[in-house]
Amino acid sequence: MSLGEPSGVDHLREIKVTSSELCKGQMLHVLRDTVQLPDGASATREYVVHPGAVMVVPLLEDAQGRLRLVMERQFRYPVNQVMIEFPAGKLDSGEEPFHCAQRELREETGYSATHWARAGVLHPVISYSTEFIDIWFARGLTAGERQLDDGEFLDVFTTTPEELMTWCRDGRVTDAKTLTAALWLQNVLGGAWQLDWFELPQFSG
């Protein structure tokens, strides 16, 4: 049972009987399983196996000490739209989520951070994918050079928490992970939810 799963739900479980591969691409792996339903009947389930991903909420103070958020604009081909998002990316094979968070923040935005906090995890498409996204907050930012992947194009910009909330309300932000991050941000800034921050060790030499 996972941390977010309630107790006493075994009567809802489906049991895998057989599994077959429908497609395997560079990132996505599509399977079709036959399952036994709780009432004993059979059904099929088609779903995408995903390696998992991270999202980073980078907190930046401007020259006046006011909080700003580092965000991105990126064209997303499946929805044919430029989306407003927080920095994010998928895990490399065998990569730990925190290492991925550090890497994605540096590669996509050029920033590195001295303080980090793991907020939680989200499952963006539970009906047809195994994908999970680890949510991280970062502060103590230092600017540097971006290291975008070949074929990756995105704009980095900063905004205020108030502007982000307005965009979420007005429908300018519709990306599921960014909406979840906005929920976390609102509760953290309001004091309702706490983050356990840790500082990266400083190396000299």
# chains A, B, ... in the order shown; residues from 1 in each chain; ligands from 1

$ residues_around --residues "Thr178 in chain A" --least-positions-apart "3" --cutoff "6 Å" --atoms "only C-alpha atoms" --output "PyMOL selection string"
chain A and resi 85+175+181

$ residues_around --residues "Gly52 in chain A" --least-positions-apart "3" --cutoff "10 Å" --atoms "only C-alpha atoms" --output "list in words"
Val49, Gly89, Lys90, Leu91, Asp92, Ser93, Pro97, His123, Thr130, Glu131, Phe132, Ile133 and Asp134 of chain A

$ select_by_dssp --residues "chain A" --states "helix (DSSP H, G or I)" --output "PDB file with C-alpha atoms, in the first residue's frame"
ATOM      1  CA  ASP A  10      -8.501  -4.459  -1.097  1.00  0.00           C
ATOM      2  CA  HIS A  11     -12.015  -5.101  -2.417  1.00  0.00           C
ATOM      3  CA  LEU A  12     -11.305  -2.528  -5.171  1.00  0.00           C
ATOM      4  CA  TYR A  77       3.576  19.595 -29.480  1.00  0.00           C
ATOM      5  CA  PRO A  78       0.720  17.261 -28.382  1.00  0.00           C
ATOM      6  CA  VAL A  79      -1.473  20.251 -27.392  1.00  0.00           C
ATOM      7  CA  PRO A  97      14.948  12.378  -8.149  1.00  0.00           C
ATOM      8  CA  PHE A  98      16.981  14.964  -6.212  1.00  0.00           C
ATOM      9  CA  HIS A  99      19.912  14.671  -8.592  1.00  0.00           C
ATOM     10  CA  CYS A 100      17.470  15.021 -11.476  1.00  0.00           C
ATOM     11  CA  ALA A 101      15.992  18.152  -9.876  1.00  0.00           C
ATOM     12  CA  GLN A 102      19.430  19.739  -9.570  1.00  0.00           C
ATOM     13  CA  ARG A 103      20.318  18.797 -13.127  1.00  0.00           C
ATOM     14  CA  GLU A 104      17.075  19.995 -14.702  1.00  0.00           C
ATOM     15  CA  LEU A 105      17.181  23.336 -12.865  1.00  0.00           C
ATOM     16  CA  ARG A 106      20.745  23.949 -14.035  1.00  0.00           C
ATOM     17  CA  GLU A 107      20.251  22.711 -17.608  1.00  0.00           C
ATOM     18  CA  GLU A 108      16.961  24.488 -18.313  1.00  0.00           C
ATOM     19  CA  THR A 109      17.384  27.750 -16.402  1.00  0.00           C
ATOM     20  CA  PRO A 161       3.331  34.416  -6.871  1.00  0.00           C
ATOM     21  CA  GLU A 162       0.349  36.768  -7.272  1.00  0.00           C
ATOM     22  CA  GLU A 163       0.717  36.801 -11.056  1.00  0.00           C
ATOM     23  CA  LEU A 164       0.961  33.017 -11.150  1.00  0.00           C
ATOM     24  CA  MET A 165      -2.240  32.638  -9.118  1.00  0.00           C
ATOM     25  CA  THR A 166      -4.018  35.012 -11.498  1.00  0.00           C
ATOM     26  CA  TRP A 167      -2.874  32.983 -14.489  1.00  0.00           C
ATOM     27  CA  CYS A 168      -4.102  29.778 -12.825  1.00  0.00           C
ATOM     28  CA  ARG A 169      -7.494  31.363 -12.165  1.00  0.00           C
ATOM     29  CA  ASP A 170      -7.825  32.844 -15.659  1.00  0.00           C
ATOM     30  CA  ALA A 176      -1.340  19.963 -14.341  1.00  0.00           C
ATOM     31  CA  LYS A 177       2.031  19.888 -12.596  1.00  0.00           C
ATOM     32  CA  THR A 178       2.250  23.681 -12.506  1.00  0.00           C
ATOM     33  CA  LEU A 179      -1.252  23.934 -11.053  1.00  0.00           C
ATOM     34  CA  THR A 180      -0.220  21.459  -8.358  1.00  0.00           C
ATOM     35  CA  ALA A 181       2.915  23.508  -7.679  1.00  0.00           C
ATOM     36  CA  ALA A 182       0.760  26.622  -7.336  1.00  0.00           C
ATOM     37  CA  LEU A 183      -1.318  24.836  -4.679  1.00  0.00           C
ATOM     38  CA  TRP A 184       1.838  23.946  -2.767  1.00  0.00           C
ATOM     39  CA  LEU A 185       3.237  27.447  -3.152  1.00  0.00           C
ATOM     40  CA  GLN A 186       0.049  29.102  -1.922  1.00  0.00           C
ATOM     41  CA  ASN A 187      -0.069  26.943   1.196  1.00  0.00           C
ATOM     42  CA  VAL A 188       3.652  27.256   1.933  1.00  0.00           C
ATOM     43  CA  LEU A 189       3.628  31.043   1.609  1.00  0.00           C
ATOM     44  CA  GLY A 190       0.439  31.211   3.668  1.00  0.00           C
TER      45      GLY A 190
END

$ closest_residue --among "A:Val9, A:Ile84, A:Val125, A:Leu69" --to "Val48 in chain A" --atoms "only C-alpha atoms"
A:Val125

$ atom_distance --atom1 "CA of His50 in chain A" --atom2 "CA of Tyr128 in chain A"
10.3 Å

$ closest_residue --among "A:Gln194, A:Gln36, A:Ser129, A:Thr114" --to "Leu59 in chain A" --atoms "only C-alpha atoms"
A:Thr114

$ closest_residue --among "A:Gly94, A:Ala88, A:Gly25, A:His115" --to "Glu72 in chain A" --atoms "only C-alpha atoms"
A:Ala88

$ select_by_dssp --residues "range 43-172 of chain A" --states "strand (DSSP E)" --output "VMD selection string"
chain A and resid 43 to 49 53 to 61 67 to 76 81 to 85 88 to 90 112 to 122 133 to 142 154 to 159

$ write_last_selection --atoms "C-alpha atoms" --output "mmCIF file, in the first residue's frame"
data_model
loop_
_atom_site.group_PDB
_atom_site.id
_atom_site.type_symbol
_atom_site.label_atom_id
_atom_site.label_comp_id
_atom_site.auth_asym_id
_atom_site.auth_seq_id
_atom_site.Cartn_x
_atom_site.Cartn_y
_atom_site.Cartn_z
ATOM 1 C CA ALA A 43 -11.098 -6.498 -18.542
ATOM 2 C CA THR A 44 -8.221 -4.950 -20.463
ATOM 3 C CA ARG A 45 -6.089 -2.010 -19.357
ATOM 4 C CA GLU A 46 -3.880 -0.063 -21.773
ATOM 5 C CA TYR A 47 -1.339 2.249 -20.182
ATOM 6 C CA VAL A 48 1.963 4.041 -20.667
ATOM 7 C CA VAL A 49 4.991 3.079 -18.587
ATOM 8 C CA ALA A 53 10.052 13.005 -13.590
ATOM 9 C CA VAL A 54 10.751 15.968 -11.339
ATOM 10 C CA MET A 55 9.515 19.545 -11.140
ATOM 11 C CA VAL A 56 11.335 22.403 -9.413
ATOM 12 C CA VAL A 57 9.744 25.519 -7.909
ATOM 13 C CA PRO A 58 12.680 27.980 -7.868
ATOM 14 C CA LEU A 59 12.305 30.893 -5.438
ATOM 15 C CA LEU A 60 14.299 34.006 -6.296
ATOM 16 C CA GLU A 61 14.589 37.294 -4.389
ATOM 17 C CA LEU A 67 9.936 36.963 -3.971
ATOM 18 C CA ARG A 68 9.867 35.989 -7.631
ATOM 19 C CA LEU A 69 9.414 32.615 -9.294
ATOM 20 C CA VAL A 70 11.613 31.261 -12.074
ATOM 21 C CA MET A 71 9.368 29.816 -14.777
ATOM 22 C CA GLU A 72 9.456 28.756 -18.414
ATOM 23 C CA ARG A 73 7.523 29.079 -21.643
ATOM 24 C CA GLN A 74 7.766 26.023 -23.859
ATOM 25 C CA PHE A 75 5.913 24.762 -26.924
ATOM 26 C CA ARG A 76 4.258 21.418 -26.245
ATOM 27 C CA GLN A 81 0.445 25.361 -27.538
ATOM 28 C CA VAL A 82 3.133 27.339 -25.734
ATOM 29 C CA MET A 83 2.693 26.491 -22.054
ATOM 30 C CA ILE A 84 3.731 28.281 -18.872
ATOM 31 C CA GLU A 85 5.474 25.814 -16.591
ATOM 32 C CA ALA A 88 10.823 19.931 -15.056
ATOM 33 C CA GLY A 89 12.187 16.864 -16.744
ATOM 34 C CA LYS A 90 12.217 13.085 -16.723
ATOM 35 C CA SER A 112 21.901 26.397 -9.144
ATOM 36 C CA ALA A 113 20.497 26.414 -5.610
ATOM 37 C CA THR A 114 21.968 26.147 -2.118
ATOM 38 C CA HIS A 115 18.757 25.160 -0.294
ATOM 39 C CA TRP A 116 16.279 22.465 -1.283
ATOM 40 C CA ALA A 117 13.059 20.961 0.049
ATOM 41 C CA ARG A 118 11.023 18.037 -1.250
ATOM 42 C CA ALA A 119 7.342 18.895 -1.222
ATOM 43 C CA GLY A 120 5.809 15.616 -2.367
ATOM 44 C CA VAL A 121 4.786 13.651 -5.427
ATOM 45 C CA LEU A 122 1.991 13.926 -7.962
ATOM 46 C CA ILE A 133 6.506 13.730 -10.680
ATOM 47 C CA ASP A 134 8.595 14.561 -7.618
ATOM 48 C CA ILE A 135 7.993 18.166 -6.479
ATOM 49 C CA TRP A 136 11.004 20.136 -5.225
ATOM 50 C CA PHE A 137 11.416 23.713 -3.980
ATOM 51 C CA ALA A 138 14.755 25.497 -4.406
ATOM 52 C CA ARG A 139 16.134 28.772 -3.056
ATOM 53 C CA GLY A 140 19.488 30.471 -2.683
ATOM 54 C CA LEU A 141 19.736 30.693 -6.445
ATOM 55 C CA THR A 142 22.869 31.596 -8.388
ATOM 56 C CA LEU A 154 12.297 27.416 -24.095
ATOM 57 C CA ASP A 155 12.208 30.895 -22.588
ATOM 58 C CA VAL A 156 13.060 31.471 -18.928
ATOM 59 C CA PHE A 157 11.374 34.347 -17.093
ATOM 60 C CA THR A 158 10.423 35.416 -13.580
ATOM 61 C CA THR A 159 7.050 36.327 -12.165
#

$ atom_distance --atom1 "CA of Pro201 in chain A" --atom2 "CA of Ala143 in chain A"
18.3 Å
